Amino acid sequence: MPEFSIAERVSRLRPTAVNQVLQTMRKLEAEGRSLVSLMRGQPDSPTPPHIVEAAVRALRDGRTGYPDNRGEPALRRAVAEKLRREQGLSYDPDREILITDGATLGIYAALGALLRNHGNVMLPDPIYDAYAGPITLWEAETTPVPATVRDGRFIFGASELEERWTTLVSVILLNTPWNPVGTVFTRDELTEILEYAGSGYHDHPVLSDEIYETLVYDGRPHVSPAAVSAEARERTVIVNSLSKTYAMTGWRVGYCAGPEPILRAMLLILQQSSRGPATFVQDAAACALSSDQDCVRRMTAEYQARRDVVVERLKGIPGVEPMVPEGGLFVMLDIRGLGKPSEDVSRYLMRDAGVVVIHGSAYGPGGEGTLRVSFAVGGETLDRGLDRLREGLVRLAGG
Ligand SMILES: Cc1ncc(COP(=O)(O)O)c(C=O)c1O
């Protein structure tokens, strides 16, 4: 067989931590090992029936042709209405909203539109590791902004941004609620960051990934960075999807909202890549956004209860401290007291305790000393996983 050389830009791509761990898991399971996974951010509930029904109805109605490349008009209108209702933000559905195949393609298109060649994306450390892929593909680099833990939560502000800023920076990326650490930015914190992005010589666009927006706990509000001021709206591209909010990870549908010139450039990228999620999927998404949001409220209550169970069950282990997340699907365990690299700890837990979590260092150097425990799956799996996790960590703590 002839050997072809693979494009250099692709050879620099790395699988995400979840994909790497999945590979090892499958190997161990093929050898007959029983593993409980507490690692993925995939809600375990089925998509609510009224959304499934809307897709079936659309299929029956023959909604199977090419979608509008910007996204179906009804879905764009539903997104505009949702942003008005929830964030008081006004976007023109014909010019300022695009529909994408999940947040993943929205992030890809936004970075493609905004990144100069060899430009840098300033992003928090630690952070969702899948941002690295599109940044590499667009031949750009990252400038990590180390977060510090204050009052039990990871946070950073204008001074940390300024410390790391270089002339190469072309985009600031935010994720609120923040994967993996669970911080939900307050309006004041976002105002400070957005003012920084627009101050003096900076003038940076802000890419805001809000995919966990409804998974906020203890009555906290989700604030979009675009909503903190009129000026902030003009520099922010919101990226979101229905994956987590409506348990629709496999439907691959999301959306972006932002200033027209940026979205026009993003549309060109989308037209050369996907041309949008299936038409009947977009009809179902419009139904999800426009219907009563009771199913969302119930899911949020369920995930908050699971979060509390995880924190409670992992308390009192020597050298281990659960951090209470304000939002999202993960509890970070501070394991610095164990005095071991997080990757060694997660490897031990998988091989010797039969439970799979992700080491914090997978999300950047700032994640070292932590483990990410997902409560996206509940019930008996969560119960067994927590038993194994506790036993494994206690054994490790005992030497
Ligand atoms: C922060 C963050 N952004 C984006 C995504 C991908 O979302 P989607 O399924 O909409 O492509 C994930 C998935 O886990 C995520 O955690």
# chains A, B, ... in the order shown; residues from 1 in each chain; ligands from 1
>>> residues_near_ligand(ligand="ligand 1", cutoff="6 Å", atoms="only C-alpha atoms and all ligand atoms", output="count of residues only")
11
>>> closest_atom_pairs(of="stretch 181-267 of chain A", to="stretch 293-298 of chain A", cutoff="10 Å", atoms="only C-alpha atoms", output="Markdown table")
| residue | atom | partner | partner_atom | distance |
| --- | --- | --- | --- | --- |
| A:Thr214 | CA | A:Val296 | CA | 7.3 |
| A:Leu215 | CA | A:Val296 | CA | 8.8 |
| A:Lys244 | CA | A:Val296 | CA | 9.7 |
| A:Thr245 | CA | A:Val296 | CA | 6.4 |
| A:Tyr246 | CA | A:Val296 | CA | 6.7 |
| A:Ala247 | CA | A:Val296 | CA | 9.3 |
>>> residues_around(residues="A:Leu174", least_positions_apart="3", cutoff="7 Å", atoms="only C-alpha atoms", output="PyMOL selection string")
chain A and resi 123+207-209
>>> write_last_selection(atoms="C-alpha atoms", output="tab-separated table (two decimals), in the first residue's frame")
chain	number	residue	atom	x	y	z
A	123	LEU	CA	-8.24	31.26	27.60
A	207	LEU	CA	-15.91	34.14	22.33
A	208	SER	CA	-18.38	33.01	24.98
A	209	ASP	CA	-19.22	29.31	25.26
>>> residues_around(residues="A:Thr370", least_positions_apart="3", cutoff="10 Å", atoms="only C-alpha atoms", output="ChimeraX atom specification")
/A:181,320-323,331-336,341-343,345-346,358-362,366-367,373
>>> residues_around(residues="A:Asp68", least_positions_apart="6", cutoff="9 Å", atoms="only C-alpha atoms", output="list of chain:residue names")
A:Arg275, A:Gly276, A:Thr279
>>> residues_around(residues="A:Asp92", least_positions_apart="2", cutoff="12 Å", atoms="only C-alpha atoms", output="list in words")
Pro73, Arg76, Arg77, Ala78, Val79, Ala80, Glu81, Leu83, Arg84, Leu89, Ser90, Asp94, Arg95, Glu96, Ile97, Leu98, Cys256, Ala257, Gly258, Pro259, Glu260 and Leu263 of chain A
>>> write_last_selection(atoms="C-alpha atoms", output="PDB file, in the first residue's frame")
ATOM      1  CA  PRO A  73     -35.666  30.750   9.964  1.00  0.00           C
ATOM      2  CA  ARG A  76     -33.184  31.426  14.320  1.00  0.00           C
ATOM      3  CA  ARG A  77     -36.287  33.280  15.477  1.00  0.00           C
ATOM      4  CA  ALA A  78     -36.613  30.925  18.463  1.00  0.00           C
ATOM      5  CA  VAL A  79     -32.976  31.611  19.412  1.00  0.00           C
ATOM      6  CA  ALA A  80     -33.498  35.381  19.138  1.00  0.00           C
ATOM      7  CA  GLU A  81     -36.605  35.158  21.290  1.00  0.00           C
ATOM      8  CA  LEU A  83     -31.908  35.489  24.160  1.00  0.00           C
ATOM      9  CA  ARG A  84     -34.353  38.380  24.522  1.00  0.00           C
ATOM     10  CA  LEU A  89     -30.389  40.750  24.437  1.00  0.00           C
ATOM     11  CA  SER A  90     -31.675  41.750  21.037  1.00  0.00           C
ATOM     12  CA  ASP A  94     -31.666  37.227   9.741  1.00  0.00           C
ATOM     13  CA  ARG A  95     -28.234  38.767  10.271  1.00  0.00           C
ATOM     14  CA  GLU A  96     -26.962  38.047  13.762  1.00  0.00           C
ATOM     15  CA  ILE A  97     -27.787  34.393  14.425  1.00  0.00           C
ATOM     16  CA  LEU A  98     -26.424  31.190  12.897  1.00  0.00           C
ATOM     17  CA  CYS A 256     -24.254  31.404  17.639  1.00  0.00           C
ATOM     18  CA  ALA A 257     -25.272  35.018  18.109  1.00  0.00           C
ATOM     19  CA  GLY A 258     -23.092  38.062  17.588  1.00  0.00           C
ATOM     20  CA  PRO A 259     -22.266  41.126  15.540  1.00  0.00           C
ATOM     21  CA  GLU A 260     -23.161  40.831  11.856  1.00  0.00           C
ATOM     22  CA  LEU A 263     -21.319  36.113  11.711  1.00  0.00           C
TER      23      LEU A 263
END
>>> residues_around(residues="A:Pro221", least_positions_apart="6", cutoff="12 Å", atoms="only C-alpha atoms", output="PyMOL selection string")
chain A and resi 86-87+176-177+183-187+212-215+326-327
>>> closest_residue(among="A:Asp44, A:Tyr91, A:Gly112, A:Phe280", to="A:Asp61", atoms="only C-alpha atoms")
A:Phe280
>>> closest_atom_pairs(of="stretch 321-380 of chain A", to="stretch 24-33 of chain A", cutoff="10 Å", atoms="only C-alpha atoms", output="Markdown table")
| residue | atom | partner | partner_atom | distance |
| --- | --- | --- | --- | --- |
| A:Arg347 | CA | A:Thr24 | CA | 9.9 |
| A:Met350 | CA | A:Met25 | CA | 8.0 |
| A:Arg351 | CA | A:Leu28 | CA | 8.2 |
| A:Gly354 | CA | A:Arg33 | CA | 7.7 |
| A:Val355 | CA | A:Met25 | CA | 9.8 |
| A:Val356 | CA | A:Met25 | CA | 8.1 |
>>> closest_residue(among="A:Glu391, A:Glu160, A:Glu312, A:Asp292", to="A:Pro48", atoms="only C-alpha atoms")
A:Asp292
>>> select_by_dssp(residues="stretch 314-383 of chain A", states="strand (DSSP E or B)", output="list in words")
Glu321, Pro322, Met323, Gly327, Phe330, Val331, Met332, Leu333, Asp334, Val355, Val356, Ile358, His359, Thr370, Leu371, Arg372, Val373 and Ser374 of chain A
>>> write_last_selection(atoms="C-alpha atoms", output="PDB file, in the first residue's frame")
ATOM      1  CA  GLU A 321     -11.276  17.959  49.356  1.00  0.00           C
ATOM      2  CA  PRO A 322     -14.341  18.179  47.082  1.00  0.00           C
ATOM      3  CA  MET A 323     -14.915  21.668  45.637  1.00  0.00           C
ATOM      4  CA  GLY A 327     -22.737  25.073  37.779  1.00  0.00           C
ATOM      5  CA  PHE A 330     -18.537  18.107  37.368  1.00  0.00           C
ATOM      6  CA  VAL A 331     -17.152  18.166  40.890  1.00  0.00           C
ATOM      7  CA  MET A 332     -13.436  18.936  41.098  1.00  0.00           C
ATOM      8  CA  LEU A 333     -11.639  17.054  43.830  1.00  0.00           C
ATOM      9  CA  ASP A 334      -8.658  18.869  45.269  1.00  0.00           C
ATOM     10  CA  VAL A 355     -13.648   3.832  38.456  1.00  0.00           C
ATOM     11  CA  VAL A 356     -12.892   6.289  35.677  1.00  0.00           C
ATOM     12  CA  ILE A 358     -10.333  12.570  34.406  1.00  0.00           C
ATOM     13  CA  HIS A 359      -7.093  13.944  35.832  1.00  0.00           C
ATOM     14  CA  THR A 370      -7.373  17.900  40.941  1.00  0.00           C
ATOM     15  CA  LEU A 371      -9.628  15.189  39.545  1.00  0.00           C
ATOM     16  CA  ARG A 372     -12.813  15.858  37.539  1.00  0.00           C
ATOM     17  CA  VAL A 373     -15.738  13.737  38.657  1.00  0.00           C
ATOM     18  CA  SER A 374     -18.815  13.812  36.418  1.00  0.00           C
TER      19      SER A 374
END
>>> atom_distance(atom1="atom CA of A:Leu349", atom2="atom CA of A:Gly133")
27.5 Å
>>> select_by_dssp(residues="stretch 20-97 of chain A", states="alpha helix (DSSP H)", output="MDAnalysis selection string")
chainID A and resid 20:30 49:60 73:87
>>> write_last_selection(atoms="C-alpha atoms", output="CSV table (one decimal), in the first residue's frame")
chain,number,residue,atom,x,y,z
A,20,GLN,CA,-7.8,9.0,25.3
A,21,VAL,CA,-9.3,7.6,28.5
A,22,LEU,CA,-12.2,6.0,26.5
A,23,GLN,CA,-9.6,4.1,24.5
A,24,THR,CA,-7.9,2.7,27.6
A,25,MET,CA,-11.3,1.9,29.1
A,26,ARG,CA,-12.3,-0.1,26.1
A,27,LYS,CA,-9.1,-2.1,26.2
A,28,LEU,CA,-9.5,-2.9,29.9
A,29,GLU,CA,-13.2,-3.8,29.4
A,30,ALA,CA,-12.2,-6.1,26.5
A,49,PRO,CA,-40.7,13.5,24.5
A,50,HIS,CA,-42.2,16.7,23.1
A,51,ILE,CA,-38.9,17.4,21.3
A,52,VAL,CA,-38.6,13.9,19.9
A,53,GLU,CA,-42.2,14.2,18.8
A,54,ALA,CA,-41.4,17.4,17.0
A,55,ALA,CA,-38.6,15.7,15.1
A,56,VAL,CA,-40.8,12.7,14.1
A,57,ARG,CA,-43.6,15.1,13.0
A,58,ALA,CA,-41.1,17.1,10.9
A,59,LEU,CA,-39.8,13.9,9.3
A,60,ARG,CA,-43.3,12.8,8.5
A,73,PRO,CA,-35.7,30.8,10.0
A,74,ALA,CA,-38.0,29.4,12.6
A,75,LEU,CA,-35.1,28.2,14.7
A,76,ARG,CA,-33.2,31.4,14.3
A,77,ARG,CA,-36.3,33.3,15.5
A,78,ALA,CA,-36.6,30.9,18.5
A,79,VAL,CA,-33.0,31.6,19.4
A,80,ALA,CA,-33.5,35.4,19.1
A,81,GLU,CA,-36.6,35.2,21.3
A,82,LYS,CA,-34.8,33.0,23.9
A,83,LEU,CA,-31.9,35.5,24.2
A,84,ARG,CA,-34.4,38.4,24.5
A,85,ARG,CA,-36.4,36.6,27.2
A,86,GLU,CA,-33.5,35.3,29.2
A,87,GLN,CA,-30.7,37.8,28.8
>>> atom_distance(atom1="atom CA of A:Ala130", atom2="atom CA of A:Asp101")
15.3 Å
>>> atom_distance(atom1="atom CA of A:Pro205", atom2="atom CA of A:Ala227")
14.3 Å
>>> closest_atom_pairs(of="stretch 215-319 of chain A", to="stretch 379-384 of chain A", cutoff="10 Å", atoms="only C-alpha atoms", output="tab-separated table")
residue	atom	partner	partner_atom	distance
A:Arg306	CA	A:Leu382	CA	8.6
A:Val309	CA	A:Asp383	CA	9.1
A:Val310	CA	A:Leu382	CA	8.4
A:Arg313	CA	A:Asp383	CA	9.4
